[in-house]
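Chemist: This one is structure-v3.csv, CSV, C-alpha atoms and all ligand atoms.
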chain,number,residue,atom,x,y,z
A,72,MET,CA,65.6,34.2,-144.4
A,73,PRO,CA,66.1,33.7,-140.7
A,74,SER,CA,66.2,30.1,-139.5
A,75,LEU,CA,63.9,28.6,-137.1
A,76,TRP,CA,66.5,29.0,-134.4
A,77,GLU,CA,66.9,32.7,-135.2
A,78,ARG,CA,63.2,33.2,-135.1
A,79,LEU,CA,62.9,31.5,-131.8
A,80,PHE,CA,65.9,32.9,-130.1
A,81,GLY,CA,66.8,35.9,-132.1
A,82,ARG,CA,70.4,35.0,-132.8
A,83,PRO,CA,72.1,32.8,-135.3
A,84,ALA,CA,72.6,29.2,-134.5
A,85,GLU,CA,75.8,28.4,-132.8
A,86,ARG,CA,77.7,27.0,-135.7
A,87,GLU,CA,76.7,25.8,-139.1
A,88,SER,CA,77.5,22.2,-139.7
A,89,SER,CA,80.1,21.2,-142.3
A,90,ALA,CA,77.4,19.7,-144.5
A,91,GLN,CA,75.4,22.9,-144.3
A,92,ALA,CA,78.5,24.9,-145.2
A,93,ALA,CA,79.1,22.6,-148.2
A,94,LYS,CA,75.6,23.1,-149.4
A,95,ARG,CA,75.6,26.9,-148.9
A,96,ARG,CA,79.0,27.3,-150.6
A,97,LEU,CA,78.0,25.1,-153.5
A,98,GLN,CA,74.8,26.9,-154.1
A,99,PHE,CA,76.7,30.2,-154.3
A,100,VAL,CA,79.4,29.0,-156.6
A,101,LEU,CA,76.9,27.2,-158.9
A,102,VAL,CA,75.0,30.4,-159.5
A,103,HIS,CA,78.3,31.8,-161.1
A,104,ASP,CA,79.1,28.5,-162.9
A,105,ARG,CA,75.7,28.3,-164.4
A,106,ILE,CA,75.3,31.9,-165.6
A,107,ASN,CA,78.8,31.7,-167.0
A,108,LEU,CA,79.3,35.4,-167.5
A,109,PRO,CA,82.8,36.0,-168.9
A,110,PRO,CA,84.9,38.1,-166.5
A,111,ASP,CA,85.2,41.0,-168.8
A,112,ILE,CA,81.4,41.3,-169.1
A,113,MET,CA,81.1,41.1,-165.4
A,114,ALA,CA,83.8,43.8,-165.0
A,115,ALA,CA,82.0,46.0,-167.6
A,116,MET,CA,78.7,45.6,-165.8
A,117,LYS,CA,80.3,46.5,-162.5
A,118,GLN,CA,81.9,49.6,-164.1
A,119,GLU,CA,78.5,50.8,-165.6
A,120,ILE,CA,76.7,50.3,-162.3
A,121,LEU,CA,79.5,52.3,-160.6
A,122,ASP,CA,79.3,55.1,-163.2
A,123,VAL,CA,75.6,55.5,-162.6
A,124,ILE,CA,75.9,55.5,-158.8
A,125,SER,CA,78.8,57.9,-158.7
A,126,LYS,CA,76.8,60.5,-160.4
A,127,TYR,CA,74.9,60.9,-157.2
A,128,VAL,CA,77.2,59.8,-154.4
A,129,GLN,CA,80.9,59.5,-153.8
A,130,VAL,CA,81.7,55.9,-153.8
A,131,SER,CA,84.8,54.1,-152.7
A,132,GLU,CA,85.6,52.1,-155.7
A,133,ASP,CA,87.8,49.5,-154.3
A,134,ALA,CA,85.2,48.5,-151.7
A,135,ILE,CA,82.5,47.8,-154.2
A,136,ASP,CA,81.3,44.2,-154.1
A,137,ILE,CA,79.0,42.8,-156.8
A,138,ALA,CA,78.0,39.2,-156.4
A,139,LEU,CA,75.4,36.7,-157.6
A,140,HIS,CA,73.4,35.1,-154.8
A,141,PRO,CA,71.4,31.8,-155.1
A,142,SER,CA,67.7,31.7,-154.8
A,143,GLU,CA,66.2,31.3,-151.3
A,144,GLY,CA,62.8,29.9,-150.6
A,145,GLY,CA,61.7,29.9,-154.2
A,146,SER,CA,62.9,33.4,-155.1
A,147,LEU,CA,65.0,34.0,-158.2
A,148,ASN,CA,68.8,34.3,-158.1
A,149,ARG,CA,69.8,37.8,-157.3
A,150,LEU,CA,72.6,40.1,-158.2
A,151,VAL,CA,73.6,42.0,-155.1
A,152,ALA,CA,75.7,45.1,-155.3
A,153,GLU,CA,77.2,46.6,-152.2
A,154,VAL,CA,78.5,50.1,-152.8
A,155,PRO,CA,79.8,51.9,-149.8
A,156,PHE,CA,79.8,55.6,-150.2
A,157,THR,CA,81.4,58.5,-148.4
A,158,LYS,CA,79.4,61.6,-149.1
A,159,SER,CA,76.2,62.3,-151.0
A,160,ILE,CA,76.6,64.4,-154.0
A,161,VAL,CA,80.0,65.6,-154.2
A,162,ALA,CA,79.9,65.5,-158.0
A,163,PRO,CA,77.7,68.2,-159.5
A,164,PRO,CA,74.4,67.0,-160.9
A,165,PRO,CA,74.8,65.5,-164.3
A,166,PRO,CA,74.3,67.9,-167.2
A,167,LEU,CA,70.8,67.7,-168.7
A,168,ASP,CA,70.0,67.9,-172.4
A,169,GLU,CA,72.0,70.6,-174.0
A,170,ASP,CA,69.1,72.9,-174.9
A,171,SER,CA,67.7,72.8,-171.4
A,172,ASP,CA,71.1,73.5,-170.0
A,173,LEU,CA,70.3,77.2,-169.2
A,174,GLU,CA,67.1,76.7,-167.2
A,175,ALA,CA,68.5,73.8,-165.2
A,176,PRO,CA,69.5,75.0,-161.7
A,177,ALA,CA,71.4,72.7,-159.4
A,178,GLN,CA,69.0,70.0,-158.4
A,179,ALA,CA,68.7,67.4,-155.7
A,180,PRO,CA,69.4,64.0,-157.0
A,181,GLU,CA,65.8,62.9,-156.5
A,182,GLU,CA,64.7,65.3,-159.2
A,183,VAL,CA,67.1,64.0,-161.8
A,184,ASP,CA,65.6,61.3,-164.0
A,185,PRO,CA,66.4,58.2,-162.1
A,186,PRO,CA,68.5,55.6,-163.9
A,187,GLU,CA,66.2,53.2,-165.7
A,188,ALA,CA,66.8,49.7,-164.6
A,189,ARG,CA,67.4,48.7,-161.0
B,34,MET,CA,64.2,-5.4,-180.2
B,35,ALA,CA,65.3,-1.8,-179.5
B,36,GLY,CA,67.8,-1.7,-176.8
B,37,LYS,CA,68.4,1.3,-174.5
B,38,VAL,CA,71.8,3.0,-174.4
B,39,VAL,CA,72.6,4.1,-170.8
B,40,THR,CA,75.7,6.3,-170.3
B,41,VAL,CA,77.4,6.5,-166.9
B,42,THR,CA,79.3,9.8,-166.5
B,43,SER,CA,80.4,12.3,-163.8
B,44,GLY,CA,82.8,15.1,-164.8
B,45,LYS,CA,85.2,14.3,-162.0
B,46,GLY,CA,87.3,11.2,-162.0
B,47,GLY,CA,87.4,8.6,-159.3
B,48,VAL,CA,83.8,9.0,-158.1
B,49,GLY,CA,82.7,5.5,-159.1
B,50,LYS,CA,81.7,5.4,-162.8
B,51,THR,CA,83.5,2.2,-163.6
B,52,THR,CA,82.4,0.6,-160.4
B,53,SER,CA,78.8,1.6,-161.1
B,54,THR,CA,78.8,0.5,-164.7
B,55,ALA,CA,80.2,-2.9,-163.8
B,56,ASN,CA,77.6,-3.4,-161.1
B,57,LEU,CA,74.7,-2.3,-163.2
B,58,GLY,CA,75.8,-4.4,-166.1
B,59,MET,CA,76.1,-7.5,-164.0
B,60,GLY,CA,72.9,-6.7,-162.1
B,61,LEU,CA,70.9,-6.4,-165.3
B,62,ALA,CA,72.4,-9.6,-166.6
B,63,ARG,CA,71.4,-11.3,-163.4
B,64,LEU,CA,67.8,-10.4,-164.1
B,65,GLY,CA,68.1,-12.1,-167.5
B,66,LYS,CA,68.6,-9.0,-169.6
B,67,LYS,CA,70.9,-9.0,-172.6
B,68,VAL,CA,73.6,-6.5,-171.9
B,69,VAL,CA,76.7,-5.2,-173.6
B,70,MET,CA,79.0,-2.8,-171.8
B,71,ILE,CA,81.4,-0.4,-173.7
B,72,ASP,CA,84.5,0.9,-172.0
B,73,ALA,CA,84.8,4.4,-173.5
B,74,ASP,CA,87.7,5.4,-171.4
B,75,ILE,CA,90.3,4.9,-174.2
B,76,GLY,CA,93.8,4.9,-172.9
B,77,LEU,CA,92.7,4.2,-169.3
B,78,ARG,CA,91.1,0.8,-169.7
B,79,ASN,CA,89.5,-0.4,-166.4
B,80,LEU,CA,86.1,-1.9,-166.8
B,81,ASP,CA,87.7,-5.2,-168.0
B,82,ILE,CA,89.6,-5.7,-164.8
B,83,VAL,CA,86.8,-4.7,-162.5
B,84,MET,CA,84.6,-7.2,-164.3
B,85,GLY,CA,87.2,-10.0,-164.1
B,86,LEU,CA,87.5,-10.1,-167.9
B,87,GLU,CA,91.0,-8.7,-168.4
B,88,ASN,CA,92.7,-11.9,-169.6
B,89,ARG,CA,90.4,-12.5,-172.6
B,90,ILE,CA,90.9,-9.3,-174.6
B,91,VAL,CA,91.9,-9.7,-178.2
B,92,TYR,CA,90.3,-6.8,-180.0
B,93,ASP,CA,89.1,-3.4,-178.6
B,94,LEU,CA,86.7,-0.5,-179.4
B,95,VAL,CA,89.3,1.2,-181.6
B,96,ASP,CA,89.8,-2.0,-183.6
B,97,VAL,CA,86.1,-2.1,-184.3
B,98,VAL,CA,85.8,1.6,-185.2
B,99,GLU,CA,88.8,1.4,-187.5
B,100,GLY,CA,87.5,-1.7,-189.2
B,101,ARG,CA,90.2,-4.2,-188.1
B,102,ALA,CA,87.6,-6.3,-186.2
B,103,LYS,CA,83.9,-7.0,-186.4
B,104,VAL,CA,81.9,-5.9,-183.4
B,105,LYS,CA,81.3,-9.6,-182.5
B,106,GLN,CA,85.0,-10.3,-182.4
B,107,ALA,CA,85.6,-7.5,-179.9
B,108,MET,CA,82.8,-8.6,-177.6
B,109,ILE,CA,84.0,-10.6,-174.6
B,110,ARG,CA,81.4,-12.8,-173.1
B,111,HIS,CA,81.1,-13.3,-169.4
B,112,LYS,CA,81.4,-16.9,-168.3
B,113,GLN,CA,78.8,-16.8,-165.5
B,114,PHE,CA,76.3,-14.7,-167.5
B,115,PRO,CA,76.3,-15.7,-171.1
B,116,ASP,CA,74.1,-12.7,-172.1
B,117,LEU,CA,76.6,-10.2,-170.7
B,118,TYR,CA,79.4,-8.8,-173.0
B,119,LEU,CA,82.1,-6.2,-172.8
B,120,ILE,CA,83.7,-4.2,-175.5
B,121,PRO,CA,87.0,-3.1,-174.0
B,122,ALA,CA,88.7,0.2,-174.5
B,123,ALA,CA,92.0,0.5,-176.4
B,124,GLN,CA,94.9,0.9,-174.0
B,125,THR,CA,97.5,2.4,-176.3
B,126,ARG,CA,95.4,5.0,-178.1
B,127,ASP,CA,93.8,8.3,-177.1
B,128,LYS,CA,90.2,9.5,-177.1
B,129,SER,CA,90.4,11.1,-180.6
B,130,ALA,CA,90.6,7.6,-182.1
B,131,VAL,CA,86.8,7.4,-181.8
B,132,SER,CA,84.3,10.0,-182.8
B,133,PRO,CA,80.8,10.7,-181.5
B,134,SER,CA,79.3,9.5,-184.8
B,135,ASP,CA,81.3,6.2,-184.5
B,136,MET,CA,79.6,5.6,-181.2
B,137,VAL,CA,76.2,6.4,-182.5
B,138,GLN,CA,76.7,4.0,-185.4
B,139,LEU,CA,78.1,1.2,-183.2
B,140,CYS,CA,75.2,1.6,-180.6
B,141,ASN,CA,72.6,1.5,-183.4
B,142,GLU,CA,74.0,-1.8,-184.4
B,143,LEU,CA,74.1,-3.2,-180.8
B,144,ARG,CA,70.5,-1.9,-180.1
B,145,ARG,CA,69.1,-4.5,-182.4
B,146,GLU,CA,70.5,-7.4,-180.3
B,147,PHE,CA,70.7,-6.1,-176.7
B,148,ASP,CA,68.3,-4.9,-174.1
B,149,PHE,CA,70.9,-2.6,-172.5
B,150,ILE,CA,74.0,-1.0,-173.8
B,151,LEU,CA,76.0,0.5,-170.9
B,152,ILE,CA,78.7,3.0,-171.6
B,153,ASP,CA,81.4,3.8,-169.0
B,154,SER,CA,82.4,7.4,-169.7
B,155,PRO,CA,85.9,8.8,-169.0
B,156,ALA,CA,86.3,11.7,-166.6
B,157,GLY,CA,86.3,15.2,-168.1
B,158,ILE,CA,84.1,17.1,-170.5
B,159,GLU,CA,86.1,16.7,-173.7
B,160,ARG,CA,86.1,14.3,-176.6
B,161,GLY,CA,85.8,11.1,-174.5
B,162,PHE,CA,82.8,12.5,-172.7
B,163,ARG,CA,81.2,13.6,-176.0
B,164,ASN,CA,81.8,10.1,-177.4
B,165,ALA,CA,80.0,8.5,-174.4
B,166,MET,CA,77.1,11.0,-174.5
B,167,ALA,CA,76.4,10.9,-178.3
B,168,PRO,CA,74.4,7.7,-178.4
B,169,ALA,CA,72.8,8.0,-174.9
B,170,ASP,CA,69.1,7.4,-174.3
B,171,ASP,CA,69.4,7.5,-170.6
B,172,ILE,CA,72.2,9.2,-168.5
B,173,LEU,CA,73.3,8.4,-165.0
B,174,ILE,CA,75.5,10.9,-163.2
B,175,VAL,CA,77.7,9.5,-160.5
B,176,THR,CA,78.9,11.8,-157.8
B,177,ASN,CA,80.1,11.8,-154.2
B,178,PRO,CA,78.6,14.0,-151.4
B,179,GLU,CA,81.6,16.3,-151.5
B,180,VAL,CA,81.9,19.8,-152.9
B,181,SER,CA,84.3,19.3,-155.9
B,182,ALA,CA,82.5,16.2,-157.2
B,183,VAL,CA,79.1,17.9,-156.9
B,184,ARG,CA,80.3,21.0,-158.7
B,185,ASP,CA,81.7,19.0,-161.5
B,186,ALA,CA,78.4,17.0,-161.7
B,187,ASP,CA,76.6,20.3,-162.1
B,188,ARG,CA,78.8,21.3,-165.0
B,189,VAL,CA,78.1,18.0,-166.8
B,190,ILE,CA,74.4,18.4,-166.2
B,191,GLY,CA,74.5,21.8,-167.8
B,192,LEU,CA,76.3,20.3,-170.9
B,193,ILE,CA,73.7,17.5,-171.1
B,194,GLU,CA,70.8,20.0,-170.9
B,195,ALA,CA,72.5,22.2,-173.6
B,196,GLU,CA,72.4,19.2,-175.9
B,197,ASN,CA,68.8,18.5,-175.1
B,198,LYS,CA,69.7,15.1,-173.7
B,199,GLY,CA,68.4,13.8,-170.4
B,200,PRO,CA,67.0,14.3,-167.9
B,201,ALA,CA,69.9,12.6,-166.2
B,202,ARG,CA,69.5,10.8,-163.0
B,203,LEU,CA,71.8,10.7,-160.0
B,204,ILE,CA,73.8,7.9,-158.4
B,205,LEU,CA,75.1,9.3,-155.1
B,206,ASN,CA,78.1,7.1,-154.3
B,207,ARG,CA,80.2,6.6,-151.2
B,208,VAL,CA,77.7,8.0,-148.7
B,209,LYS,CA,78.8,7.6,-145.1
B,210,ILE,CA,75.5,7.6,-143.3
B,211,GLU,CA,77.0,8.2,-139.8
B,212,LEU,CA,78.7,11.3,-141.1
B,213,VAL,CA,75.4,12.5,-142.7
B,214,ARG,CA,73.6,12.0,-139.4
B,215,LYS,CA,76.2,14.1,-137.6
B,216,GLY,CA,75.8,16.9,-140.2
B,217,GLU,CA,79.4,16.3,-141.5
B,218,MET,CA,78.4,15.0,-144.9
B,219,MET,CA,75.7,16.2,-147.4
B,220,SER,CA,72.7,14.0,-147.6
B,221,ALA,CA,71.1,12.8,-150.8
B,222,ASP,CA,68.4,15.4,-150.3
B,223,ASP,CA,71.0,18.1,-150.0
B,224,VAL,CA,72.7,17.0,-153.2
B,225,THR,CA,69.6,16.6,-155.3
B,226,ASP,CA,68.4,20.0,-154.0
B,227,ILE,CA,71.6,21.6,-155.3
B,228,LEU,CA,71.7,19.8,-158.6
B,229,GLY,CA,68.0,19.7,-159.4
B,230,ILE,CA,68.0,16.2,-160.8
B,231,LYS,CA,66.2,13.0,-159.7
B,232,LEU,CA,67.9,10.4,-157.7
B,233,ILE,CA,68.2,6.8,-159.0
B,234,GLY,CA,70.3,5.4,-156.2
B,235,ILE,CA,72.3,6.0,-153.0
B,236,VAL,CA,75.4,3.7,-152.6
B,237,PRO,CA,77.1,3.5,-149.2
B,238,ASP,CA,80.8,3.8,-148.9
B,239,ASP,CA,81.8,0.2,-148.5
B,240,GLU,CA,85.2,-1.5,-148.2
B,241,GLY,CA,83.5,-4.5,-149.9
B,242,VAL,CA,83.6,-2.5,-153.2
B,243,VAL,CA,87.4,-2.5,-153.1
B,244,SER,CA,87.7,-6.2,-152.4
B,245,ALA,CA,85.1,-6.9,-155.1
B,246,SER,CA,87.2,-5.0,-157.6
B,247,ASN,CA,90.2,-6.9,-156.4
B,248,SER,CA,88.6,-10.2,-157.2
B,249,GLY,CA,86.8,-9.1,-160.3
B,250,GLU,CA,83.4,-9.9,-158.9
B,251,PRO,CA,81.2,-6.8,-158.5
B,252,VAL,CA,79.4,-6.4,-155.2
B,253,VAL,CA,76.0,-6.6,-156.9
B,254,LEU,CA,76.5,-10.4,-156.7
B,255,SER,CA,76.9,-10.6,-153.0
B,256,ASP,CA,73.6,-10.9,-151.3
B,257,LYS,CA,74.6,-9.6,-147.9
B,258,SER,CA,76.5,-6.5,-149.2
B,259,ARG,CA,74.8,-3.1,-148.5
B,260,SER,CA,76.3,-1.5,-151.5
B,261,GLY,CA,75.3,-4.6,-153.5
B,262,GLN,CA,71.7,-4.1,-152.4
B,263,ALA,CA,72.0,-0.4,-153.4
B,264,TYR,CA,73.1,-1.5,-156.9
B,265,ARG,CA,70.3,-4.1,-157.1
B,266,ASP,CA,67.8,-1.4,-156.4
B,267,ILE,CA,69.3,0.9,-159.0
B,268,VAL,CA,69.1,-2.0,-161.5
B,269,ARG,CA,65.4,-2.4,-160.8
B,270,ARG,CA,64.8,1.3,-161.2
B,271,LEU,CA,66.6,1.2,-164.5
B,272,THR,CA,64.2,-1.4,-165.8
B,273,GLY,CA,61.3,0.9,-164.9
B,274,GLU,CA,60.3,-0.6,-161.6
B,275,ASP,CA,59.3,1.8,-158.8
B,276,VAL,CA,61.5,1.0,-155.9
B,277,PRO,CA,61.1,3.4,-153.0
B,278,PHE,CA,64.0,4.9,-151.1
B,279,ALA,CA,64.2,4.5,-147.3
B,280,PRO,CA,63.4,8.0,-146.0
B,281,LEU,CA,66.2,7.7,-143.5
B,282,GLU,CA,68.8,7.0,-146.2
B,283,GLN,CA,67.7,9.9,-148.3
B,284,SER,CA,67.6,12.7,-145.7
B,285,GLY,CA,70.2,11.3,-143.2
B,286,GLY,CA,67.5,10.8,-140.6
B,287,LEU,CA,66.0,13.0,-137.9
B,288,LEU,CA,69.2,14.5,-136.5
B,289,ALA,CA,70.4,15.7,-139.9
B,290,LYS,CA,66.9,17.1,-140.5
B,291,ILE,CA,66.8,19.0,-137.2
B,292,GLY,CA,70.2,20.3,-138.0
B,293,ARG,CA,68.9,21.6,-141.4
B,294,LEU,CA,65.9,23.2,-139.7
B,295,PHE,CA,67.9,25.1,-137.2
B,296,GLY,CA,70.5,26.1,-139.8
B,297,GLY,CA,67.8,27.5,-141.9
B,298,ARG,CA,68.7,25.5,-145.0
A,301,LIG,N1,80.8,2.8,-152.8
A,301,LIG,C1,82.2,2.7,-152.7
A,301,LIG,N2,82.8,2.4,-151.5
A,301,LIG,C2,84.1,2.3,-151.4
A,301,LIG,N3,85.0,2.5,-152.5
A,301,LIG,C3,84.4,2.8,-153.7
A,301,LIG,C4,83.0,2.9,-153.9
A,301,LIG,N4,82.8,3.2,-155.2
A,301,LIG,C5,84.0,3.3,-155.8
A,301,LIG,N5,85.0,3.0,-154.9
A,301,LIG,C6,86.5,3.0,-155.2
A,301,LIG,O1,86.8,4.3,-155.7
A,301,LIG,C7,87.8,4.2,-156.7
A,301,LIG,C8,87.4,4.8,-157.9
A,301,LIG,O2,86.3,4.2,-158.5
A,301,LIG,P1,86.0,4.0,-160.0
A,301,LIG,O3,84.8,3.3,-160.2
A,301,LIG,O4,87.3,3.5,-160.7
A,301,LIG,O5,85.8,5.6,-160.4
A,301,LIG,P2,85.8,6.3,-161.9
A,301,LIG,O6,85.5,5.3,-162.9
A,301,LIG,O7,84.7,7.3,-161.7
A,301,LIG,O8,87.1,6.9,-162.1
A,301,LIG,C9,88.1,2.7,-156.8
A,301,LIG,O9,89.2,2.3,-156.1
A,301,LIG,C10,86.8,2.0,-156.2
A,301,LIG,O10,87.1,0.8,-155.7
A,302,MG,MG,86.6,4.8,-164.7
As structure tokens, please, write out the structure in this file.

Modeler:
Amino acid sequence: MPSLWERLFGRPAERESSAQAAKRRLQFVLVHDRINLPPDIMAAMKQEILDVISKYVQVSEDAIDIALHPSEGGSLNRLVAEVPFTKSIVAPPPPLDEDSDLEAPAQAPEEVDPPEAR
Amino acid sequence: MAGKVVTVTSGKGGVGKTTSTANLGMGLARLGKKVVMIDADIGLRNLDIVMGLENRIVYDLVDVVEGRAKVKQAMIRHKQFPDLYLIPAAQTRDKSAVSPSDMVQLCNELRREFDFILIDSPAGIERGFRNAMAPADDILIVTNPEVSAVRDADRVIGLIEAENKGPARLILNRVKIELVRKGEMMSADDVTDILGIKLIGIVPDDEGVVSASNSGEPVVLSDKSRSGQAYRDIVRRLTGEDVPFAPLEQSGGLLAKIGRLFGGR
């Protein structure tokens, strides 16, 4: 959410005070501390998200950044995934069900069943 | 009479648990309450010296739990306040010498005779912490407006909630109001925002606290001391009185508020 300063003057305030920095950093780290997802689960989740996305676009794996963000202005905590990609569809479209294999021409990704959850 | 067990804890060490326990115990006794304090920091006995009672220890908490002494024999009575007692920690044993159920049993016995049983918890989240938490009716979390202390406090609050204890209340200790005004230290509002618990007191950083510990006479007794006043307010809140906070002290005042507005947080 833009601050009052940003809304008034259209650019970020000069410098965040050290108290504000402390609060912001604490709110971030506490989202992780509280949810307490073991690192291997976090890694597995990251891999699965990556697997889904790389069916459609070529992603650069080492640049992927998945982080938990604290709530802002009453919203829930968020999981934010940043996945930089190079080209759209390099990989062929995912194979459909085996019996429908023959009729399935190459499709645009929009026409493939979208992955369920977002 | 059914006394209340109040546990003072923090996660991080050195934030002011022992100082707070000593001041609250004495402050309650000053109001005529019957109070017993238990030093649960076995192996790192401290509450006795902060209270000025270090020379009179014969038996300790572990002696009571292991049956070598009766509870009455281990209780040291304060000279100035005859209704204030301390059960000291053992100095040469470790936390495993006492179990959570020992503490529950002991406190149930003490509840019959005292209005308040104050427990000074050791740092950490292991056995000593669980001993101090087990009998608690009321929990006070002490922290400082500083990132590592607040993070540890949050961890402890999570553990307390997981045990269906609480809600704990917060003592924010060692606040430097000039720094808060300049935006260089988190305000009480910032910290309660982050931790999501209610405030019971804000204690300023005060050299008087150190000299009070040096002499064994907690600041709550000195009428002119600002930190003493803060502890007297907490004591009244503990007894159920509604003592308002000065708005300036809570938010850090106008400058800090404006800073927050412009910073968007
Ligand atoms: N409000 C305060 N102002 C100045 N010094 C303080 C204050 N509260 C505590 N201290 C000092 O901080 C140190 C640690 O306090 P203590 O109560 O022993 O912490 P804990 O029991 O949490 O380890 C002590 O030297 C004490 O005198
Ligand atoms: Mg201590």

Chemist: Smallest atom-to-atom distance to chain A: which of B:Ile82, B:Ala130, B:Ile90, B:Leu192, using all atoms listed in the file?

Modeler: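 Nearest to chain A: B:Leu192.
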
Chemist: Smallest atom-to-atom distance to ligand MG 302 (chain A): which of B:Arg145, B:Lys37, B:Arg78, B:Lys209, using all atoms listed in the file?

Modeler: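 The closest residue to ligand MG 302 (chain A) is B:Arg78.
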
Chemist: Pick out the residues no farther than 12 Å from ligand MG 302 (chain A), counting all atoms listed in the file, and list them as a PyMOL selection string.

Modeler: chain B and resi 41-55+71-83+122+152-157+161-162+175

Chemist: Which distance in Å separates CA of Asp111 (chain A) and CA of Ile124 (chain A), to one decimal?

Modeler: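 If I compute the distance from CA of Asp111 (chain A) to CA of Ile124 (chain A), I get 19.9 Å.
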
Chemist: Could you list, as number ranges by chain, every residue within 12 Å of Asn88 (chain B), counting all atoms listed in the file and ignoring same-chain residues fewer than 6 positions away?

Modeler: B: 81-82, 109-111, 121, 249

Chemist: Go through B:Ile235, B:Ala186, B:Val208, B:Val276 and flag the residue nearest Leu97 (chain A), using all atoms listed in the file for the distances.

Modeler: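 Result for the nearest residue to Leu97 (chain A): B:Ala186.
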
Chemist: List the spatial neighbours of Ala107 (chain B) as a PyMOL selection string - criterion: any atom at most 6 Å away, only C-alpha atoms, same-chain residues fewer than 3 positions off excluded.

Modeler: chain B and resi 92-93+104+120

Chemist: Between A:Ser125, A:Gln98, A:Ser131, A:Ser89, which is the closest to Pro155 (chain A) once you count all atoms listed in the file?

Modeler: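 Under the stated criterion, the closest residue is A:Ser131.
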
Chemist: If you measure from CA of Lys198 (chain B) to CA of Pro168 (chain B), what distance in Å do you get, rounded to one decimal?

Modeler: 9.9 Å

Chemist: Pick from B:Ala165, B:Glu179, B:Glu240, B:Ser134: nearest to Leu212 (chain B), with all atoms listed in the file counted?

Modeler: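 The closest residue to Leu212 (chain B) is B:Glu179.
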
Chemist: One decimal, in Å: what's the spacing between CA of Pro277 (chain B) and CA of Gly234 (chain B)?

Modeler: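 One can read the CA of Pro277 (chain B) to CA of Gly234 (chain B) distance as 9.9 Å.
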
Chemist: When you count all atoms listed in the file, which of these residues is closest to Asp266 (chain B): B:Asp223, B:Phe149, B:Ile210, B:Leu64?

Modeler: B:Leu64

Chemist: Counting all atoms listed in the file, write as a tab-separated table (two decimals) with C-alpha atoms, keeping the file's coordinate frame all protein and nucleic acid residues lying at most 8 Å from (75.6, 17.1, -144.7) in the file's frame.

Modeler:
chain	number	residue	atom	x	y	z
A	88	SER	CA	77.50	22.20	-139.70
A	89	SER	CA	80.10	21.20	-142.30
A	90	ALA	CA	77.40	19.70	-144.50
A	91	GLN	CA	75.40	22.90	-144.30
A	93	ALA	CA	79.10	22.60	-148.20
A	94	LYS	CA	75.60	23.10	-149.40
B	178	PRO	CA	78.60	14.00	-151.40
B	212	LEU	CA	78.70	11.30	-141.10
B	213	VAL	CA	75.40	12.50	-142.70
B	214	ARG	CA	73.60	12.00	-139.40
B	215	LYS	CA	76.20	14.10	-137.60
B	216	GLY	CA	75.80	16.90	-140.20
B	217	GLU	CA	79.40	16.30	-141.50
B	218	MET	CA	78.40	15.00	-144.90
B	219	MET	CA	75.70	16.20	-147.40
B	220	SER	CA	72.70	14.00	-147.60
B	223	ASP	CA	71.00	18.10	-150.00
B	289	ALA	CA	70.40	15.70	-139.90
